[in-house]
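I have placed the structure first, in the form of C-alpha cells, so that the comments after it can refer back to it.
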Amino acid sequence: MTPQPPAAPGPGPEADALDFPLPPPGTMGPPEECVRLRASCPVARVRLPMDATAWYVTRYADVRELIADSRLIRPTINDWPARPGPAVDGGPRLVTMAELEGPRHLALRRAVASAFSSRAVRDRLPRIRQLAEQLLEEFQEAGRPGDLVAGFTDPFPLLVLCELVGIPFEDRNWFLPVLDAALGTMVTSEEARRVTDLLREYVAGLIARKRSRPGDDVLSLLIRQCEDGVITDADVMAFGLSMLTVGFGISSFFLADSVHTLLAQPDQWVRLRDHRDLMTGAVEELLRYLPVMNGTLLLLATETIDLCGRTVRRGDAVIPVLASANRDGSVFADAARLDLGRADNPHLAFGRGTHNCVGAHLARAELTVGLEALFDRFARLRLADGQEPGWDDQSVTKSPLTLPVTW
Ligand code: HEM
C-alpha cells in the first residue's frame with residue numbers, strides 16, 4: 001500500500017516539537033528524555049534529523065497497541081520522508097516484507113515460515129556454532145587486543161544469514177556500501193532511486209541464478225513455491241530485499257551491544273559464563289534491556305487516530321519507541337537494571353502482530369551461540385585498557401562501531 005499524503009495540515013505548531021531524543025555521545029541509551037516523556041508526555045511531537053516531524057510514543061501499552069494496529073502502515077524508504085532535490089517518479093520502490101499488507105503479505109509469511117521456525121533454527125545450531133568457531137579462531141590468531149566488531153559481531157550474523165538464504169557472502173563488499181547508501185536518510189530522491197535500483201538488480205540476478213541452479217537455501221525454496229503459484233516473483237524480490245535490509249544488521253548490533261554491556265559489568269559476564277542455565281532468560285533480558293531499536297520503527301497513519309488525547313492525522317508519521325517501551329516501569333520491575341535472571345519479560349524487541357520479526361528464532365540463536373562461543377574460547381575476555389569503543393553518535397541505532405577487547 002502506498003502511503004497517503006496528509007489529509008489536513010500538521011498537528012499543531014511544529015516550533016513546539018522536541019529535537020529527536022538521542023543518548024549522550026559515547027553512550028548506548030535509551031535517551032534519558034524517554035523517562036520524562038513516559039511520565040508526562042507519552043505521545044510527543046519530535047523533529048527528525050531529515051527535516052520532518054513525527055509522533056514519538058514512549059509508553060509500553062501504547063507502543064504495544066500501535067505496532068499491531070492495521071490503521072498504520074510501513075512506508076518504503078522511497079516514499080518517506082520527502083527528500084531533498086527534485087522528486088523522482090515511477091519505477092519500482094524498495095518494497096520489503098514490511099511494506100506488504102493483506103493476503104499477499106500473509107502468503108509470503110506462510111511461504112517462509114518453515115525456514116525460520118524454532119525447529120528449523122534448532123536443526124541449524126551445530127552449523128551456526130561452527131561458523132562462530134571459525135571466525136573466533138581467526139580472531140584469536142590475529143592476536144590481542146582485537147576489534148570484536150570487525151572480527152566477530154559484524155561478520156557472524158551476516159555469514160549465518162547468507163548461508164541460510166543463499167546470498168554469496170563474498171558479495172558483501174559490493175552490497176554493504178550500497179545498503180549504507182540506501183538506508184541513509186539524507187540522500188536525494190535521485191540517489192535513493194539509484195541505489196534502490198542497484199539493490200533490486202542485485203536480488204534479481206540472485207533469483208535468476210537460483211532458478212537455473214537451485215540450492216538448499218530459502219531463496220530456492222521460495223522460487224519453487226513461486227513455480228507452484230503460491231507466491232509471485234515480486235514476493236521473492238521483497239523477501240530478498242528484506243534479508244539485505246533487516247536480516248543481519250540488527251543481530252550484529254544486538255550482539256555487539258550484548259558483549260559490550262556484559263564486559264562493562266564484569267560480574268554479569270562472569271555470572272552468565274558460569275551459569276549457562278540462565279542463558280535463555282538472559283538473552284530475553286538483553287533483548288529487553290538493549291536500546292538498539294531506539295526509534296527506528298516508523299509508521300504512517302492511514303486514518304485519524306486518537307492517542308492519549310492527541311490527534312494523529314492521516315499521513316502523520318508515528319514512531320513507537322520499542323526501547324522506551326521495554327524500559328517502562330509500569331511493566332518491568334526495576335526496568336533500568338539489567339537482570340539476567342528476570343522471570344516475567346514480555347518485551348517488544350521483536351515487535352508484535354502480523355509484522356512481527358520473521359527472524360526472531362534465528363536472532364535468539366545467534367545471540368546464544370555467539371555468547372557461548374565467546375565464553376568457551378575467551379573465558380577471561382575484557383575491554384582493552386585505554387581503548388574506548390567507538391560510537392556513531394548521529395545514528396538512532398546505538399551499538400559500538402568498534403569494540404577493542406583483550407583476553
Ligand atoms: C536481535 C535481532 C533482531 C531484532 C531485535 C529484530 C526486530 C524486528 C522488529 C521489531 C520487527 C517488526 C518491525 C515492524 O513492526 O514493522 C522485525 C521485522 C522483521 N525482521 Fe527482525 N529483528 C532481528 C533480527 C532479524 C533477523 C536475523 C532476520 C532474518 C530473517 C529478521 C527479519 C525480519 C523481517 C523479514 C521482518 C519483517 C516482517 C514483516 O513485516 O512481515 N530480523 N524485526
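Each chain in the C-alpha cells gets a letter, A, B and so on, in the order shown; residues start at 1 in every chain, and ligands are counted from 1 in the order they appear.
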Item checked: Long-range neighbours of segment 199-215 of chain A as a count of residues only, 12 Å cut-off, only C-alpha atoms, 2 positions minimum in chain -> 55
Next item on the list: Residues within 8 Å of ligand 1 should be enumerated using only C-alpha atoms and all ligand atoms and returned as a PyMOL selection string.
Entry: chain A and resi 67-68+74+96-100+105+109+116+157+161+239+242-243+246-255+287+292-293+297-299+322+348-364+366-367
Restricted to N, CA and C atoms, what would the selected residues look like written as a compact mmCIF listing (two decimals), in the first residue's frame?
# COMPACT_ATOMS: atom_id res chain seq x y z
N ILE A 67 2.02 -1.01 17.26
CA ILE A 67 2.79 -1.83 16.32
C ILE A 67 1.95 -2.95 15.70
N ALA A 68 0.78 -3.21 16.30
CA ALA A 68 -0.08 -4.25 15.73
C ALA A 68 -1.37 -3.64 15.17
N ARG A 74 3.72 0.68 7.02
CA ARG A 74 5.16 0.94 6.97
C ARG A 74 5.50 1.54 5.61
N THR A 96 9.93 -4.13 0.79
CA THR A 96 10.35 -5.33 1.53
C THR A 96 9.09 -5.97 2.12
N MET A 97 9.28 -7.02 2.93
CA MET A 97 8.10 -7.68 3.52
C MET A 97 7.31 -6.71 4.39
N ALA A 98 8.01 -5.79 5.05
CA ALA A 98 7.33 -4.89 5.98
C ALA A 98 6.29 -4.02 5.29
N GLU A 99 6.51 -3.72 4.01
CA GLU A 99 5.58 -2.81 3.33
C GLU A 99 4.42 -3.55 2.66
N LEU A 100 4.49 -4.88 2.63
CA LEU A 100 3.37 -5.65 2.06
C LEU A 100 2.26 -5.73 3.10
N HIS A 105 0.92 -10.34 1.85
CA HIS A 105 1.86 -10.41 2.97
C HIS A 105 1.73 -11.75 3.69
N ARG A 109 4.53 -14.65 4.29
CA ARG A 109 4.88 -15.07 5.65
C ARG A 109 4.77 -16.59 5.77
N PHE A 116 12.20 -20.45 9.01
CA PHE A 116 12.64 -19.65 10.17
C PHE A 116 11.98 -20.13 11.47
N PRO A 157 26.53 -12.75 12.14
CA PRO A 157 25.14 -12.86 11.68
C PRO A 157 25.02 -12.80 10.14
N LEU A 161 23.27 -15.72 7.91
CA LEU A 161 22.12 -15.41 7.05
C LEU A 161 22.41 -15.75 5.59
N PHE A 239 11.20 -10.49 -0.42
CA PHE A 239 11.90 -11.27 0.61
C PHE A 239 13.42 -11.03 0.53
N SER A 242 14.27 -7.77 1.92
CA SER A 242 14.15 -7.78 3.39
C SER A 242 15.40 -8.37 4.02
N MET A 243 15.90 -9.45 3.43
CA MET A 243 17.06 -10.10 4.03
C MET A 243 18.27 -9.15 4.02
N VAL A 246 17.11 -6.02 6.67
CA VAL A 246 16.91 -6.25 8.13
C VAL A 246 17.37 -7.63 8.59
N GLY A 247 17.95 -8.43 7.72
CA GLY A 247 18.23 -9.83 8.06
C GLY A 247 19.51 -10.08 8.85
N PHE A 248 20.40 -9.09 8.96
CA PHE A 248 21.64 -9.36 9.69
C PHE A 248 22.12 -8.17 10.51
N GLY A 249 21.87 -6.95 10.04
CA GLY A 249 22.41 -5.76 10.71
C GLY A 249 21.96 -5.64 12.16
N ILE A 250 20.66 -5.86 12.41
CA ILE A 250 20.15 -5.67 13.78
C ILE A 250 20.76 -6.73 14.70
N SER A 251 20.91 -7.95 14.18
CA SER A 251 21.53 -9.00 15.01
C SER A 251 22.96 -8.63 15.36
N SER A 252 23.67 -8.04 14.40
CA SER A 252 25.06 -7.62 14.67
C SER A 252 25.08 -6.56 15.77
N PHE A 253 24.16 -5.59 15.66
CA PHE A 253 24.12 -4.52 16.67
C PHE A 253 23.82 -5.12 18.05
N PHE A 254 22.86 -6.04 18.10
CA PHE A 254 22.50 -6.64 19.39
C PHE A 254 23.65 -7.43 19.99
N LEU A 255 24.34 -8.17 19.14
CA LEU A 255 25.45 -8.98 19.66
C LEU A 255 26.55 -8.07 20.19
N LEU A 287 17.64 -8.61 25.11
CA LEU A 287 16.77 -8.04 24.08
C LEU A 287 15.89 -6.92 24.64
N VAL A 292 18.67 -1.03 21.11
CA VAL A 292 19.06 -0.94 19.69
C VAL A 292 17.97 -0.32 18.83
N MET A 293 16.72 -0.73 19.07
CA MET A 293 15.63 -0.15 18.28
C MET A 293 15.12 1.13 18.97
N LEU A 297 11.69 2.26 14.15
CA LEU A 297 10.46 1.79 13.52
C LEU A 297 9.55 2.98 13.27
N LEU A 298 9.21 3.21 12.01
CA LEU A 298 8.39 4.38 11.68
C LEU A 298 7.14 3.93 10.92
N LEU A 299 5.99 4.41 11.36
CA LEU A 299 4.72 4.02 10.75
C LEU A 299 4.01 5.27 10.24
N LEU A 322 10.36 1.25 20.69
CA LEU A 322 10.42 -0.07 21.33
C LEU A 322 11.34 -0.05 22.55
N LEU A 348 9.17 -6.12 23.84
CA LEU A 348 8.65 -5.92 22.48
C LEU A 348 9.76 -5.84 21.44
N ALA A 349 10.94 -6.38 21.77
CA ALA A 349 12.08 -6.21 20.87
C ALA A 349 11.81 -6.75 19.46
N PHE A 350 10.97 -7.77 19.35
CA PHE A 350 10.70 -8.34 18.02
C PHE A 350 9.37 -7.85 17.45
N GLY A 351 8.81 -6.81 18.02
CA GLY A 351 7.55 -6.29 17.53
C GLY A 351 6.40 -7.20 17.92
N ARG A 352 5.28 -7.04 17.23
CA ARG A 352 4.07 -7.79 17.58
C ARG A 352 3.10 -7.70 16.42
N GLY A 353 2.21 -8.69 16.30
CA GLY A 353 1.19 -8.62 15.26
C GLY A 353 1.68 -9.21 13.96
N THR A 354 0.99 -8.86 12.87
CA THR A 354 1.28 -9.52 11.59
C THR A 354 2.68 -9.23 11.07
N HIS A 355 3.28 -8.10 11.50
CA HIS A 355 4.62 -7.76 11.01
C HIS A 355 5.72 -8.09 12.01
N ASN A 356 5.40 -8.94 13.00
CA ASN A 356 6.46 -9.24 13.98
C ASN A 356 7.65 -9.89 13.28
N CYS A 357 8.76 -9.96 14.00
CA CYS A 357 10.02 -10.34 13.35
C CYS A 357 10.02 -11.79 12.84
N VAL A 358 10.27 -11.94 11.54
CA VAL A 358 10.38 -13.27 10.94
C VAL A 358 11.58 -14.02 11.51
N GLY A 359 12.63 -13.27 11.82
CA GLY A 359 13.90 -13.90 12.20
C GLY A 359 14.11 -14.00 13.69
N ALA A 360 13.03 -13.92 14.50
CA ALA A 360 13.20 -13.89 15.96
C ALA A 360 13.94 -15.13 16.48
N HIS A 361 13.58 -16.32 16.01
CA HIS A 361 14.25 -17.54 16.50
C HIS A 361 15.72 -17.54 16.07
N LEU A 362 15.93 -17.10 14.83
CA LEU A 362 17.31 -17.07 14.33
C LEU A 362 18.13 -16.06 15.14
N ALA A 363 17.55 -14.90 15.40
CA ALA A 363 18.28 -13.86 16.15
C ALA A 363 18.62 -14.35 17.55
N ARG A 364 17.66 -15.03 18.19
CA ARG A 364 17.93 -15.57 19.54
C ARG A 364 19.08 -16.58 19.48
N GLU A 366 21.49 -16.72 17.29
CA GLU A 366 22.78 -16.04 17.03
C GLU A 366 23.34 -15.42 18.31
N LEU A 367 22.44 -14.83 19.11
CA LEU A 367 22.90 -14.24 20.37
C LEU A 367 23.41 -15.33 21.33
Note to self: One decimal, in Å: what's the spacing between atom CA of Ala379 of chain A and atom CA of Gly151 of chain A?
What the structure shows: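 Here the two named atoms are 17.2 Å from each other.
The environment of segment 41-54 of chain A within 8 Å, counting only C-alpha atoms and disregarding residues fewer than 6 places along the same chain, consists of Glu14, Asp16, Ala17, Leu18, Asp19, Phe20, Pro81, Arg83, Thr185, Met186, Leu307, Cys308, Arg310, Asp316, Ala317, Val318 and Ile319 of chain A.
Among the candidates A:Asp328, A:Asp274, A:Glu372, A:Glu32, the one nearest to Asp62 of chain A when counting only C-alpha atoms is A:Asp328.
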Margin query: With distances taken over only C-alpha atoms, which residue among A:Ser324, A:Ser399, A:Gln140, A:Gln130 lies nearest Ser258 of chain A?
Written below: A:Ser399
Checklist line | Sel. of alpha helix (DSSP H) residues, segment 243-386 of chain A, as a PyMOL selection string | finding: chain A and resi 243-246+249-264+266-274+279-289+322-325+360-377
Item checked: atom CA of Asp267 of chain A to atom CA of Leu340 of chain A, distance in Å rounded to a single decimal -> 11.2 Å
Item checked: Between atom CA of Ala335 of chain A and atom CA of Arg288 of chain A, distance in Å (one decimal) -> 9.3 Å
Note to self: Can you tell me which residues surround Leu371 of chain A at a distance of at most 12 Å, considering only C-alpha atoms, apart from same-chain residues fewer than 3 positions away, and format the answer as number ranges by chain?
What the structure shows: A: 129, 132-133, 136, 152-153, 156, 254-260, 262-263, 269-270, 272-273, 276, 279-280, 282-283, 286, 364-368, 374-379, 381
